>>> print(open('upload_14.txt').read())   # compact mmCIF, C-alpha atoms
# COMPACT_ATOMS: atom_id res chain seq x y z
CA MET N 15 115.42 148.21 99.61
CA GLU N 16 113.67 148.05 96.22
CA ILE N 17 114.26 144.34 96.55
CA LEU N 18 111.29 144.23 98.92
CA ASP N 19 109.07 145.22 95.98
CA ARG N 20 109.84 141.92 94.30
CA ILE N 21 109.15 139.52 97.14
CA PRO N 22 105.74 137.85 96.77
CA GLY N 23 103.52 138.23 99.81
CA ILE N 24 104.85 141.59 100.97
CA LEU N 25 101.95 144.00 100.73
CA ASN N 26 103.71 147.18 101.84
CA TYR N 27 106.83 148.15 103.75
CA ALA N 28 108.53 150.91 105.70
CA VAL N 29 112.16 151.59 106.56
CA VAL N 30 113.07 153.46 109.75
CA ASN N 31 116.50 154.65 110.86
CA ALA N 32 117.21 152.74 114.08
CA GLU N 33 119.42 155.49 115.46
CA ASP N 34 117.10 158.49 115.37
CA GLY N 35 113.74 156.85 114.58
CA SER N 36 113.26 158.85 111.40
CA ILE N 37 111.07 157.30 108.72
CA GLU N 38 113.19 156.85 105.59
CA LYS N 39 110.76 155.17 103.30
CA VAL N 40 107.17 153.95 103.09
CA LYS N 41 106.16 152.03 100.02
CA GLY N 42 102.90 150.49 98.96
CA SER N 43 99.21 151.04 98.96
CA THR N 44 98.34 150.70 102.62
CA PRO N 45 95.95 153.09 104.31
CA SER N 46 97.68 152.25 107.64
CA PRO N 47 100.38 154.60 108.94
CA LEU N 48 103.09 152.02 108.32
CA GLY N 49 106.01 154.38 108.94
CA ASP N 50 104.64 155.46 112.33
CA LEU N 51 103.77 151.89 113.30
CA THR N 52 107.30 150.71 112.49
CA ALA N 53 108.96 153.67 114.23
CA PHE N 54 106.79 153.65 117.38
CA PHE N 55 106.68 149.89 117.92
CA SER N 56 110.39 149.32 117.27
CA SER N 57 111.14 151.94 119.88
CA ALA N 58 108.55 150.56 122.35
CA ALA N 59 109.91 147.04 121.83
CA GLU N 60 113.43 148.20 122.71
CA VAL N 61 112.21 149.54 126.05
CA ILE N 62 110.07 146.47 126.81
CA LYS N 63 112.82 144.05 125.79
CA ASN N 64 115.16 145.68 128.30
CA ALA N 65 112.57 145.88 131.07
CA LEU N 66 111.56 142.22 130.74
CA ASN N 67 115.00 140.81 129.86
CA LEU N 68 113.80 139.32 126.61
CA GLY N 69 117.31 139.38 125.13
CA GLU N 70 118.38 140.71 121.75
CA LEU N 71 115.40 141.42 119.52
CA ASN N 72 114.58 138.86 116.83
CA PHE N 73 111.47 140.64 115.61
CA VAL N 74 108.27 142.41 116.59
CA SER N 75 104.96 141.31 115.10
CA LEU N 76 101.64 143.08 115.42
CA CYS N 77 98.28 142.19 113.93
CA TYR N 78 95.49 144.56 112.96
CA GLY N 79 92.51 143.77 110.76
CA ALA N 80 93.50 141.29 108.06
CA ASN N 81 97.18 142.24 108.16
CA ARG N 82 100.34 141.64 110.15
CA LEU N 83 103.30 143.99 110.46
CA VAL N 84 106.66 142.32 111.06
CA ILE N 85 109.48 144.60 112.22
CA PHE N 86 113.12 143.56 112.37
CA LEU N 87 116.52 145.19 112.46
CA HIS N 88 118.89 145.03 109.50
CA ASN N 89 122.04 147.11 108.99
CA GLY N 90 120.99 149.90 111.32
CA LYS N 91 117.46 150.12 109.89
CA TYR N 92 114.19 148.81 111.19
CA ILE N 93 112.35 147.21 108.32
CA GLY N 94 108.60 146.88 108.75
CA ILE N 95 106.92 144.57 106.25
CA GLU N 96 103.16 144.25 106.05
CA VAL N 97 101.95 140.78 105.13
CA GLU N 98 98.68 138.88 105.43
CA ARG N 99 97.79 138.08 109.01
CA GLU N 100 98.03 134.31 108.59
CA GLN N 101 101.62 134.46 107.35
CA SER N 102 104.60 133.44 109.47
CA PRO N 103 106.89 136.31 110.53
CA GLN N 104 109.98 134.06 110.62
CA GLU N 105 109.38 132.85 107.08
CA PHE N 106 109.15 136.38 105.71
CA ILE N 107 112.21 137.59 107.62
CA ARG N 108 114.13 134.63 106.20
CA ARG N 109 112.99 135.49 102.68
CA VAL N 110 113.90 139.16 103.03
CA LEU N 111 117.31 138.49 104.58
CA GLU N 112 118.07 135.95 101.89
CA HIS N 113 117.69 138.72 99.33
CA LEU N 114 119.37 141.46 101.35
CA THR N 115 122.49 139.58 102.41
CA VAL N 116 125.19 139.84 99.83
CA PRO N 117 128.80 138.82 100.54
CA VAL N 118 131.22 141.74 100.73
CA SER N 119 133.90 141.65 98.03
CA PRO N 120 137.48 140.98 99.27
CA LYS N 121 138.57 144.48 98.16
CA GLU N 122 136.47 146.04 100.87
CA GLU N 123 137.97 143.99 103.70
CA LYS N 124 140.93 145.67 105.36
CA PRO N 125 141.78 143.70 108.52
CA GLU N 126 144.94 145.73 109.35
CA ALA N 127 143.06 149.00 109.76
CA VAL N 128 143.33 150.77 113.11
CA VAL N 129 140.26 150.63 115.30
CA GLU N 130 138.92 154.13 114.60
CA GLU N 131 139.45 153.82 110.88
CA LYS N 132 137.86 150.43 110.96
CA ILE N 133 134.69 151.78 112.51
CA VAL N 134 134.42 154.41 109.78
CA GLU N 135 135.18 151.84 107.11
CA GLU N 136 132.67 149.40 108.49
CA LYS N 137 130.04 152.06 108.10
CA VAL N 138 131.09 152.64 104.50
CA VAL N 139 131.14 148.91 103.81
CA GLU N 140 127.72 148.60 105.39
CA GLU N 141 126.36 151.35 103.17
CA LYS N 142 127.98 149.81 100.11
CA LYS N 143 126.49 146.48 101.06
CA VAL N 144 123.05 148.01 100.95
CA GLU N 145 123.73 149.93 97.73
CA GLU N 146 125.24 147.00 95.90
CA VAL N 147 122.56 144.50 96.71
CA LYS N 148 121.57 142.77 93.52
CA PRO N 149 117.93 142.23 92.69
CA PRO N 150 116.76 138.74 93.53
CA PRO N 151 116.49 136.44 90.56
CA MET N 152 113.17 137.08 88.91
CA VAL N 153 110.81 134.22 89.45
CA GLU N 154 109.37 133.11 86.16
CA VAL N 155 105.83 134.45 86.09
CA HIS N 156 103.25 133.07 83.71
CA LEU N 157 100.24 135.22 83.00
CA SER N 158 97.18 134.30 81.00
CA ARG N 159 96.38 136.43 77.95
CA ASN N 160 93.47 138.09 79.73
CA ILE N 161 95.46 139.07 82.79
CA SER N 162 98.46 140.13 80.74
CA SER N 163 96.31 142.33 78.53
CA LYS N 164 94.77 144.13 81.51
CA LEU N 165 98.19 144.60 83.06
CA VAL N 166 99.56 146.13 79.85
CA GLN N 167 96.52 148.38 79.68
CA ILE N 168 97.07 149.65 83.23
CA ASN N 169 100.75 150.36 82.59
CA LEU N 170 99.98 152.14 79.31
CA LEU N 171 97.32 154.25 81.06
CA ILE N 172 99.86 155.24 83.71
CA ASP N 173 102.36 156.18 80.98
CA GLU N 174 99.76 158.17 79.08
CA PHE N 175 98.14 159.96 82.04
CA GLY N 176 101.55 160.51 83.61
CA SER N 177 103.21 161.98 80.53
CA GLY N 178 104.75 165.42 81.00
CA GLY N 179 106.42 164.63 84.31
CA LYS N 180 103.38 163.42 86.22
CA LYS N 181 104.24 159.74 86.36
CA ALA N 182 105.04 159.70 90.10
CA HIS N 183 101.65 161.29 90.78
CA TRP N 184 99.85 158.65 88.71
CA LEU N 185 101.79 155.83 90.31
CA GLU N 186 100.61 157.17 93.66
CA ILE N 187 97.01 157.14 92.38
CA LEU N 188 97.52 153.58 91.16
CA ASN N 189 98.82 152.65 94.60
CA GLN N 190 95.73 154.13 96.25
CA GLY N 191 93.49 152.25 93.86
CA LEU N 192 95.25 148.97 94.56
CA GLY N 193 94.90 149.53 98.30
CA ILE N 194 91.14 149.94 98.23
CA ILE N 195 90.08 147.92 95.20
CA ALA N 196 92.65 145.20 94.67
CA THR N 197 93.38 143.99 98.20
CA ASP N 198 92.77 140.38 97.16
CA ILE N 199 95.65 140.44 94.69
CA LEU N 200 98.01 142.72 96.63
CA PRO N 201 100.30 139.87 97.79
CA MET N 202 100.91 138.92 94.15
CA VAL N 203 101.47 142.34 92.60
CA GLY N 204 103.77 145.28 93.12
CA ILE N 205 105.01 148.40 91.44
CA ILE N 206 108.47 147.45 90.28
CA GLY N 207 110.51 150.00 88.36
CA GLU N 208 107.46 152.23 87.74
CA ARG N 209 105.36 149.38 86.35
CA LEU N 210 102.65 147.26 87.89
CA GLU N 211 103.88 143.69 87.77
CA PHE N 212 102.94 140.27 89.07
CA LYS N 213 105.55 138.88 91.49
CA GLN N 214 104.24 135.35 91.14
CA THR N 215 102.08 133.32 88.79
CA PRO N 216 98.46 133.87 89.81
CA PRO N 217 96.40 130.73 90.49
CA LYS N 218 94.45 129.60 87.44
CA GLU N 219 91.21 129.14 89.32
CA LYS N 220 91.25 132.82 90.28
CA GLU N 221 91.79 134.15 86.78
CA ASP N 222 88.29 135.52 86.26
CA GLU N 223 88.31 137.23 89.63
CA ILE N 224 91.74 138.77 88.99
CA VAL N 225 90.69 140.05 85.57
CA GLN N 226 87.61 141.59 87.18
CA ILE N 227 89.74 143.28 89.82
CA LEU N 228 92.15 144.65 87.20
CA ARG N 229 89.18 145.91 85.19
CA THR N 230 87.94 147.80 88.25
CA VAL N 231 91.43 149.28 88.71
CA ILE N 232 91.26 150.50 85.08
CA ASP N 233 87.84 152.07 85.74
CA PHE N 234 89.29 153.74 88.80
CA LEU N 235 92.21 155.21 86.84
CA VAL N 236 89.92 156.49 84.09
CA LYS N 237 87.57 158.05 86.67
CA LYS N 238 90.53 159.82 88.25
CA ALA N 239 91.73 161.01 84.83
CA VAL N 240 88.30 162.48 84.05
CA GLU N 241 88.36 164.30 87.39
CA GLU N 242 91.87 165.63 86.88
CA MET N 243 91.98 166.53 83.20
CA GLY N 244 88.36 166.66 82.08
CA SER N 245 86.45 164.10 80.06
CA SER N 246 87.59 165.11 76.55
CA GLN N 247 91.29 165.08 77.43
CA ALA N 248 90.91 161.81 79.35
CA ARG N 249 89.05 160.26 76.41
CA LEU N 250 91.89 161.23 74.04
CA LYS N 251 94.42 159.59 76.29
CA VAL N 252 92.36 156.42 76.69
CA GLN N 253 91.99 156.35 72.90
CA ALA N 254 95.78 156.62 72.53
CA VAL N 255 96.18 153.61 74.85
CA ILE N 256 93.68 151.60 72.81
CA GLU N 257 95.65 152.39 69.64
CA LYS N 258 98.90 151.32 71.29
CA MET N 259 97.31 148.08 72.43
CA LYS N 260 96.15 147.32 68.89
CA GLN N 261 99.75 147.59 67.72
CA LEU N 262 101.04 145.11 70.31
CA MET T 30 91.49 135.73 137.79
CA ASP T 31 94.52 134.85 139.98
CA GLU T 32 93.48 131.20 139.96
CA ILE T 33 93.69 130.79 136.18
CA LEU T 34 96.95 132.75 136.04
CA ASN T 35 98.49 130.48 138.70
CA LYS T 36 97.29 127.38 136.87
CA ILE T 37 98.99 128.51 133.66
CA GLU T 38 102.19 129.17 135.53
CA GLU T 39 102.01 125.74 137.19
CA ARG T 40 101.63 124.08 133.79
CA GLY T 41 105.00 125.61 132.84
CA LEU T 42 103.54 127.76 130.09
CA GLY T 43 105.32 130.94 131.13
CA LEU T 44 104.44 133.97 133.20
CA PRO T 45 100.94 135.26 132.48
CA PHE T 46 99.62 138.70 133.36
CA VAL T 47 96.71 141.01 132.70
CA VAL T 48 97.04 144.79 132.58
CA ARG T 49 93.94 146.96 132.46
CA LYS T 50 94.00 150.34 130.80
CA ASP T 51 93.51 152.03 134.16
CA GLY T 52 96.75 150.41 135.35
CA ASP T 53 95.33 147.52 137.43
CA THR T 54 97.66 144.56 136.98
CA PHE T 55 97.16 140.88 137.81
CA THR T 56 99.71 138.11 137.57
CA SER T 57 100.58 134.65 138.88
CA LYS T 58 102.49 133.92 142.11
CA MET T 59 105.90 133.95 140.47
CA GLY T 60 105.00 136.95 138.41
CA GLU T 61 104.40 139.05 141.54
CA VAL T 62 108.03 140.21 141.65
CA GLU T 63 107.71 141.45 138.08
CA LYS T 64 104.30 143.05 138.57
CA ALA T 65 105.57 146.63 138.30
CA LYS T 66 107.37 145.77 135.07
CA PHE T 67 104.24 144.17 133.63
CA SER T 68 102.27 147.25 134.53
CA GLN T 69 104.90 149.47 132.87
CA THR T 70 104.84 147.23 129.78
CA GLY T 71 101.06 147.55 129.56
CA THR T 72 101.28 151.32 129.83
CA ILE T 73 103.90 151.49 127.07
CA ILE T 74 101.79 149.30 124.78
CA PHE T 75 98.58 151.26 125.37
CA GLU T 76 100.39 154.57 124.88
CA THR T 77 102.07 153.39 121.69
CA ILE T 78 98.75 152.18 120.31
CA GLY T 79 97.21 155.52 121.28
CA ALA T 80 100.01 157.37 119.49
CA VAL T 81 99.31 155.70 116.15
CA GLY T 82 95.60 156.29 116.64
CA SER T 83 93.37 154.82 114.00
CA VAL T 84 94.79 151.28 113.85
CA LYS T 85 93.05 148.64 115.96
CA ILE T 86 95.92 146.39 117.00
CA ASP T 87 94.80 143.11 118.57
CA THR T 88 97.99 141.11 119.03
CA LEU T 89 101.61 141.98 119.67
CA GLU T 90 104.60 139.69 119.83
CA ILE T 91 108.04 140.86 120.89
CA ASN T 92 110.36 138.01 120.05
CA GLY T 93 113.72 138.12 121.85
CA LYS T 94 116.69 135.75 121.78
CA ASN T 95 115.93 134.59 125.35
CA GLN T 96 112.22 135.20 125.90
CA ILE T 97 109.09 136.07 123.97
CA LEU T 98 106.30 138.40 125.04
CA PHE T 99 102.94 137.66 123.44
CA CYS T 100 99.96 139.94 124.08
CA ASP T 101 96.28 139.71 123.21
CA ILE T 102 95.05 143.30 123.23
CA ALA T 103 91.47 144.44 123.76
CA ASP T 104 90.01 147.92 124.17
CA GLU T 105 90.21 147.96 127.95
CA ASP T 106 92.98 145.50 128.81
CA LEU T 107 95.71 143.26 127.54
CA VAL T 108 96.47 139.66 128.38
CA GLY T 109 100.17 138.89 128.14
CA ILE T 110 102.42 135.91 128.60
CA ILE T 111 106.20 135.68 128.74
CA TYR T 112 107.83 132.40 127.85
CA ALA T 113 111.29 131.17 126.95
CA THR T 114 112.16 131.32 123.26
CA SER T 115 113.05 127.64 123.50
CA GLN T 116 109.39 126.96 124.34
CA SER T 117 108.25 128.05 120.87
CA PRO T 118 107.41 124.44 119.90
CA ILE T 119 104.61 124.48 122.49
CA LEU T 120 103.32 127.81 121.23
CA GLU T 121 99.88 126.36 120.61
CA ASN T 122 99.52 125.43 124.28
CA ILE T 123 100.66 128.90 125.26
CA LEU T 124 98.15 130.55 122.93
CA ASN T 125 95.43 128.29 124.32
CA ALA T 126 96.40 129.47 127.79
CA LEU T 127 95.84 133.05 126.63
CA LYS T 128 92.41 132.03 125.35
CA ASP T 129 91.64 130.48 128.75
CA ILE T 130 92.37 133.78 130.44
CA ARG T 131 90.17 135.61 127.95
CA ALA T 132 87.41 133.02 128.43
CA ARG T 133 87.53 133.63 132.17
CA GLN T 134 86.84 137.29 131.45
CA ARG T 135 84.12 136.47 128.93
CA PRO T 136 81.06 136.45 131.24
CA GLN T 137 81.73 140.10 131.95
CA VAL T 138 82.28 140.88 128.26
CA VAL T 139 79.11 139.03 127.23
CA GLU T 140 77.19 140.96 129.84
CA GLU T 141 78.57 144.23 128.48
CA LYS T 142 77.69 143.24 124.92
CA LYS T 143 74.14 142.36 125.95
CA THR T 144 73.62 145.92 126.99
CA ARG T 145 74.93 147.21 123.65
CA ALA T 146 72.72 147.34 120.60
CA LYS T 147 73.29 144.56 118.14
CA PHE T 148 72.86 145.27 114.44
CA THR T 149 71.46 142.79 111.95
CA PRO T 150 73.18 141.89 108.66
CA GLU T 151 70.36 143.80 106.95
CA PHE T 152 71.76 146.94 108.49
CA LEU T 153 74.91 146.41 106.43
CA GLU T 154 72.75 146.25 103.30
CA GLU T 155 71.23 149.55 104.32
CA LEU T 156 74.70 151.05 104.64
CA LYS T 157 75.66 149.59 101.28
CA SER T 158 72.77 151.26 99.50
CA THR T 159 73.95 154.63 100.81
CA VAL T 160 77.51 153.85 99.75
CA ARG T 161 76.20 153.02 96.28
CA GLU T 162 74.93 156.58 95.89
CA TYR T 163 78.53 157.74 96.20
CA LEU T 164 80.61 154.95 94.73
CA GLY T 165 78.36 153.43 92.08
CA ASP T 166 80.03 150.43 90.45
CA PHE T 167 82.93 150.49 92.91
CA THR T 168 80.58 149.84 95.85
CA GLU T 169 80.59 146.06 96.02
CA ARG T 170 84.37 145.68 95.84
CA VAL T 171 85.20 148.50 98.24
CA PHE T 172 82.54 147.33 100.69
CA GLN T 173 83.70 143.70 100.66
CA ASN T 174 87.38 144.67 100.90
CA GLN T 175 86.73 146.83 103.94
CA LEU T 176 84.64 144.12 105.62
CA LYS T 177 87.59 141.79 105.17
CA ALA T 178 90.23 144.36 106.14
CA GLN T 179 88.36 145.23 109.35
CA ARG T 180 87.54 141.55 110.03
CA ILE T 181 83.87 142.37 110.49
CA LYS T 182 81.66 139.41 111.36
CA VAL T 183 78.25 140.07 109.86
CA ASP T 184 76.48 138.00 112.50
CA GLU T 185 78.22 139.79 115.36
CA LEU T 186 77.73 143.45 114.68
CA TYR T 187 77.92 145.82 117.60
CA GLU T 188 78.17 149.57 117.52
CA ASP T 189 81.96 149.68 117.98
CA GLU T 190 82.55 147.36 115.03
CA VAL T 191 80.06 149.18 112.81
CA ARG T 192 81.56 152.55 113.71
CA ARG T 193 85.08 151.31 112.91
CA PHE T 194 83.82 149.88 109.63
CA ILE T 195 82.11 153.14 108.68
CA PHE T 196 85.25 155.20 109.27
CA ALA T 197 87.34 152.76 107.21
CA LEU T 198 84.73 152.78 104.48
CA GLY T 199 84.60 156.59 104.42
CA LYS T 200 88.37 156.78 104.21
CA ALA T 201 88.54 154.27 101.36
CA ALA T 202 85.68 155.99 99.53
CA GLY T 203 87.50 159.30 99.93
CA MET T 204 90.30 157.95 97.77
CA ILE T 205 87.85 157.48 94.93
CA ILE T 206 85.50 160.43 95.31
CA GLY T 207 87.74 162.85 97.19
CA PRO T 208 88.09 163.49 100.93
CA THR T 209 85.21 165.96 101.20
CA LYS T 210 82.65 163.59 99.71
CA GLY T 211 84.26 160.76 101.66
CA LYS T 212 83.63 162.65 104.90
CA ASP T 213 80.10 163.44 103.76
CA LEU T 214 79.50 159.72 103.23
CA THR T 215 80.96 158.91 106.66
CA ASN T 216 78.59 161.37 108.32
CA LYS T 217 75.58 159.97 106.45
CA LEU T 218 76.49 156.44 107.50
CA LEU T 219 77.09 157.48 111.11
CA ALA T 220 73.68 159.15 111.18
CA LYS T 221 72.14 155.75 110.46
CA LEU T 222 73.61 154.44 113.70
CA LYS T 223 71.43 156.75 115.75
>>> encode(input="upload_14.txt", output="structure tokens")
Amino acid sequence: MEILDRIPGILNYAVVNAEDGSIEKVKGSTPSPLGDLTAFFSSAAEVIKNALNLGELNFVSLCYGANRLVIFLHNGKYIGIEVEREQSPQEFIRRVLEHLTVPVSPKEEKPEAVVEEKIVEEKVVEEKKVEEVKPPPMVEVHLSRNISSKLVQINLLIDEFGSGGKKAHWLEILNQGLGIIATDILPMVGIIGERLEFKQTPPKEKEDEIVQILRTVIDFLVKKAVEEMGSSQARLKVQAVIEKMKQL
Amino acid sequence: MDEILNKIEERGLGLPFVVRKDGDTFTSKMGEVEKAKFSQTGTIIFETIGAVGSVKIDTLEINGKNQILFCDIADEDLVGIIYATSQSPILENILNALKDIRARQRPQVVEEKKTRAKFTPEFLEELKSTVREYLGDFTERVFQNQLKAQRIKVDELYEDEVRRFIFALGKAAGMIIGPTKGKDLTNKLLAKLK
């Protein structure tokens, strides 16, 4: 499901097991209880769909504040993707499925299998399908020097503050910061492979604004570092990042 | 109410219904046979929203292969419409029908709002200056982001909206200054409402 990290426009997402309703994953910087929303509304939609004879579920879409949550079923999981309210649910489902659907290799197809075995195998194939999904081709992203420099600085700060096994903690802090400070650029950025990255080329006319937002994210990270490790230790780490940036 | 619901049905825009939180349900002539199901649907939606708590959900669409349920949800009721999936191309007309139903309810809503205190945009500035004491340089960005996230209209500020905004603001601030100070800020802002 890491593929969802790379799709521009997806702000956050949750994955829920359709069989038992358990929340398997919530990713992103949302303050909304995305896992609960996906689990509760997928289950409610199942009941309503049956009561009102709506037919097989295409998707569920709910709007709150400036965002929209689109829930749909894929390979036994309910995927809930949070996008901007104005976006079309169908368009995003199409984009996600395009990336998630990978043809099964001929080796895995065994048409002569007996029914019971086939059911078991289908499950295995289904799991393999999910595991073997290839990342979507990276869209070529062009960043201005200013934006790129701020991005590098943020990633170096995360490396430095998160050294000694604390990286996951600092990525979580970064996520929180993005959720409250950087909402305007959330559709364009994501944490991909432990690094903050742009998923699409940001519009030129918004460069100054984006740089300002990234600068505020840096201030936020430094403030958190001072709180967590004290000002002298935080200063040393920020200094180390500045040195690294000089060498780039 | 019945009149507008019947008109929408006659225009072939699907089956409209209104479910109030207390269970009262209204629908068009043809919808009468489904009334109990509409009522049950309303209950499920209100309960599900209640279960997730803090999120103010205003629209819900359940899109099926045969039919689509679209709901406009308010605090005290929901306006729903069921239409065939093949009718999606006339979605705009269907959504306008929903607006018509809401407009029919509006006199009552306007009356209710008149009795509630309205806050001026200056009140937001007052809140902002308190937030600044806690968030310093982060104030402007956090404040604007929360206004946008909560879809607050500065020229239409009633207590419910302001209260919702304050809680969101306190929660966001808590991520910067810690939950205890965040709660402290929330309480200070709430005190200004009185």
>>> residues_around(input="upload_14.txt", residues="Gly52 of chain T", least_positions_apart="4", cutoff="10 Å", atoms="only C-alpha atoms", output="count of residues only")
8
>>> closest_atom_pairs(input="upload_14.txt", of="chain T", to="chain N", cutoff="7 Å", atoms="all atoms listed in the file", output="Markdown table")
| residue | atom | partner | partner_atom | distance |
| --- | --- | --- | --- | --- |
| T:Lys66 | CA | N:Ala65 | CA | 6.6 |
| T:Thr70 | CA | N:Ile62 | CA | 6.1 |
| T:Ile73 | CA | N:Ala58 | CA | 6.7 |
| T:Thr77 | CA | N:Phe54 | CA | 6.4 |
| T:Val81 | CA | N:Leu51 | CA | 6.5 |
| T:Val84 | CA | N:Tyr78 | CA | 6.8 |
| T:Lys85 | CA | N:Tyr78 | CA | 5.6 |
| T:Ile86 | CA | N:Tyr78 | CA | 4.5 |
| T:Asp87 | CA | N:Tyr78 | CA | 5.8 |
| T:Thr88 | CA | N:Cys77 | CA | 5.2 |
| T:Leu89 | CA | N:Leu76 | CA | 4.4 |
| T:Glu90 | CA | N:Ser75 | CA | 5.0 |
| T:Ile91 | CA | N:Val74 | CA | 4.6 |
| T:Asn92 | CA | N:Phe73 | CA | 5.3 |
| T:Gly93 | CA | N:Leu71 | CA | 4.4 |
| T:Lys94 | CA | N:Gly69 | CA | 5.0 |
| T:Asn95 | CA | N:Gly69 | CA | 5.0 |
| T:Gln96 | CA | N:Leu68 | CA | 4.5 |
| T:Ile97 | CA | N:Leu68 | CA | 6.3 |
| T:Arg170 | CA | N:Ile195 | CA | 6.2 |
| T:Val171 | CA | N:Ile195 | CA | 5.8 |
| T:Asn174 | CA | N:Thr197 | CA | 6.6 |
| T:Lys177 | CA | N:Ala80 | CA | 6.6 |
| T:Ala178 | CA | N:Ala80 | CA | 4.9 |
| T:Gln179 | CA | N:Gly79 | CA | 4.6 |
| T:Arg180 | CA | N:Gly79 | CA | 5.5 |
| T:Ala201 | CA | N:Ile194 | CA | 5.9 |
| T:Met204 | CA | N:Gln190 | CA | 6.8 |
>>> write_last_selection(input="upload_14.txt", atoms="C-alpha atoms", output="PDB file, in the coordinates of the input")
ATOM      1  CA  LYS T  66     107.370 145.770 135.070  1.00  0.00           C
ATOM      2  CA  THR T  70     104.840 147.230 129.780  1.00  0.00           C
ATOM      3  CA  ILE T  73     103.900 151.490 127.070  1.00  0.00           C
ATOM      4  CA  THR T  77     102.070 153.390 121.690  1.00  0.00           C
ATOM      5  CA  VAL T  81      99.310 155.700 116.150  1.00  0.00           C
ATOM      6  CA  VAL T  84      94.790 151.280 113.850  1.00  0.00           C
ATOM      7  CA  LYS T  85      93.050 148.640 115.960  1.00  0.00           C
ATOM      8  CA  ILE T  86      95.920 146.390 117.000  1.00  0.00           C
ATOM      9  CA  ASP T  87      94.800 143.110 118.570  1.00  0.00           C
ATOM     10  CA  THR T  88      97.990 141.110 119.030  1.00  0.00           C
ATOM     11  CA  LEU T  89     101.610 141.980 119.670  1.00  0.00           C
ATOM     12  CA  GLU T  90     104.600 139.690 119.830  1.00  0.00           C
ATOM     13  CA  ILE T  91     108.040 140.860 120.890  1.00  0.00           C
ATOM     14  CA  ASN T  92     110.360 138.010 120.050  1.00  0.00           C
ATOM     15  CA  GLY T  93     113.720 138.120 121.850  1.00  0.00           C
ATOM     16  CA  LYS T  94     116.690 135.750 121.780  1.00  0.00           C
ATOM     17  CA  ASN T  95     115.930 134.590 125.350  1.00  0.00           C
ATOM     18  CA  GLN T  96     112.220 135.200 125.900  1.00  0.00           C
ATOM     19  CA  ILE T  97     109.090 136.070 123.970  1.00  0.00           C
ATOM     20  CA  ARG T 170      84.370 145.680  95.840  1.00  0.00           C
ATOM     21  CA  VAL T 171      85.200 148.500  98.240  1.00  0.00           C
ATOM     22  CA  ASN T 174      87.380 144.670 100.900  1.00  0.00           C
ATOM     23  CA  LYS T 177      87.590 141.790 105.170  1.00  0.00           C
ATOM     24  CA  ALA T 178      90.230 144.360 106.140  1.00  0.00           C
ATOM     25  CA  GLN T 179      88.360 145.230 109.350  1.00  0.00           C
ATOM     26  CA  ARG T 180      87.540 141.550 110.030  1.00  0.00           C
ATOM     27  CA  ALA T 201      88.540 154.270 101.360  1.00  0.00           C
ATOM     28  CA  MET T 204      90.300 157.950  97.770  1.00  0.00           C
TER      29      MET T 204
END
>>> residues_around(input="upload_14.txt", residues="Ile123 of chain T", least_positions_apart="5", cutoff="12 Å", atoms="all atoms listed in the file", output="MDAnalysis selection string")
chainID T and resid 37:38 40:45 97:101 108:114 116:118 128:130
>>> atom_distance(input="upload_14.txt", atom1="atom CA of Gln173 of chain T", atom2="atom CA of Leu185 of chain N")
24.1 Å
>>> atom_distance(input="upload_14.txt", atom1="atom CA of Gln175 of chain T", atom2="atom CA of Glu221 of chain N")
21.9 Å
>>> atom_distance(input="upload_14.txt", atom1="atom CA of Leu34 of chain T", atom2="atom CA of Thr56 of chain T")
6.2 Å
>>> residues_around(input="upload_14.txt", residues="Lys212 of chain T", least_positions_apart="3", cutoff="8 Å", atoms="all atoms listed in the file", output="list of chain:residue names")
T:Gly199, T:Lys200, T:Gly203, T:Pro208, T:Thr209, T:Thr215, T:Asn216
>>> residues_around(input="upload_14.txt", residues="Lys221 of chain T", least_positions_apart="5", cutoff="12 Å", atoms="all atoms listed in the file", output="PyMOL selection string")
chain T and resi 148+152-159+188+191-192+195+214-216
>>> write_last_selection(input="upload_14.txt", atoms="C-alpha atoms", output="PDB file, in the coordinates of the input")
ATOM      1  CA  PHE T 148      72.860 145.270 114.440  1.00  0.00           C
ATOM      2  CA  PHE T 152      71.760 146.940 108.490  1.00  0.00           C
ATOM      3  CA  LEU T 153      74.910 146.410 106.430  1.00  0.00           C
ATOM      4  CA  GLU T 154      72.750 146.250 103.300  1.00  0.00           C
ATOM      5  CA  GLU T 155      71.230 149.550 104.320  1.00  0.00           C
ATOM      6  CA  LEU T 156      74.700 151.050 104.640  1.00  0.00           C
ATOM      7  CA  LYS T 157      75.660 149.590 101.280  1.00  0.00           C
ATOM      8  CA  SER T 158      72.770 151.260  99.500  1.00  0.00           C
ATOM      9  CA  THR T 159      73.950 154.630 100.810  1.00  0.00           C
ATOM     10  CA  GLU T 188      78.170 149.570 117.520  1.00  0.00           C
ATOM     11  CA  VAL T 191      80.060 149.180 112.810  1.00  0.00           C
ATOM     12  CA  ARG T 192      81.560 152.550 113.710  1.00  0.00           C
ATOM     13  CA  ILE T 195      82.110 153.140 108.680  1.00  0.00           C
ATOM     14  CA  LEU T 214      79.500 159.720 103.230  1.00  0.00           C
ATOM     15  CA  THR T 215      80.960 158.910 106.660  1.00  0.00           C
ATOM     16  CA  ASN T 216      78.590 161.370 108.320  1.00  0.00           C
TER      17      ASN T 216
END
>>> decode(input="upload_14.txt", residues="segment 187-195 of chain N", atoms="C-alpha atoms", output="CSV table (one decimal), in the first residue's frame")
chain,number,residue,atom,x,y,z
N,187,ILE,CA,6.7,14.7,14.5
N,188,LEU,CA,7.2,15.8,10.9
N,189,ASN,CA,3.8,14.3,10.0
N,190,GLN,CA,2.2,16.3,12.8
N,191,GLY,CA,3.9,19.5,11.7
N,192,LEU,CA,2.8,19.0,8.1
N,193,GLY,CA,-0.8,18.4,9.3
N,194,ILE,CA,-1.1,21.7,11.1
N,195,ILE,CA,1.4,23.9,9.3
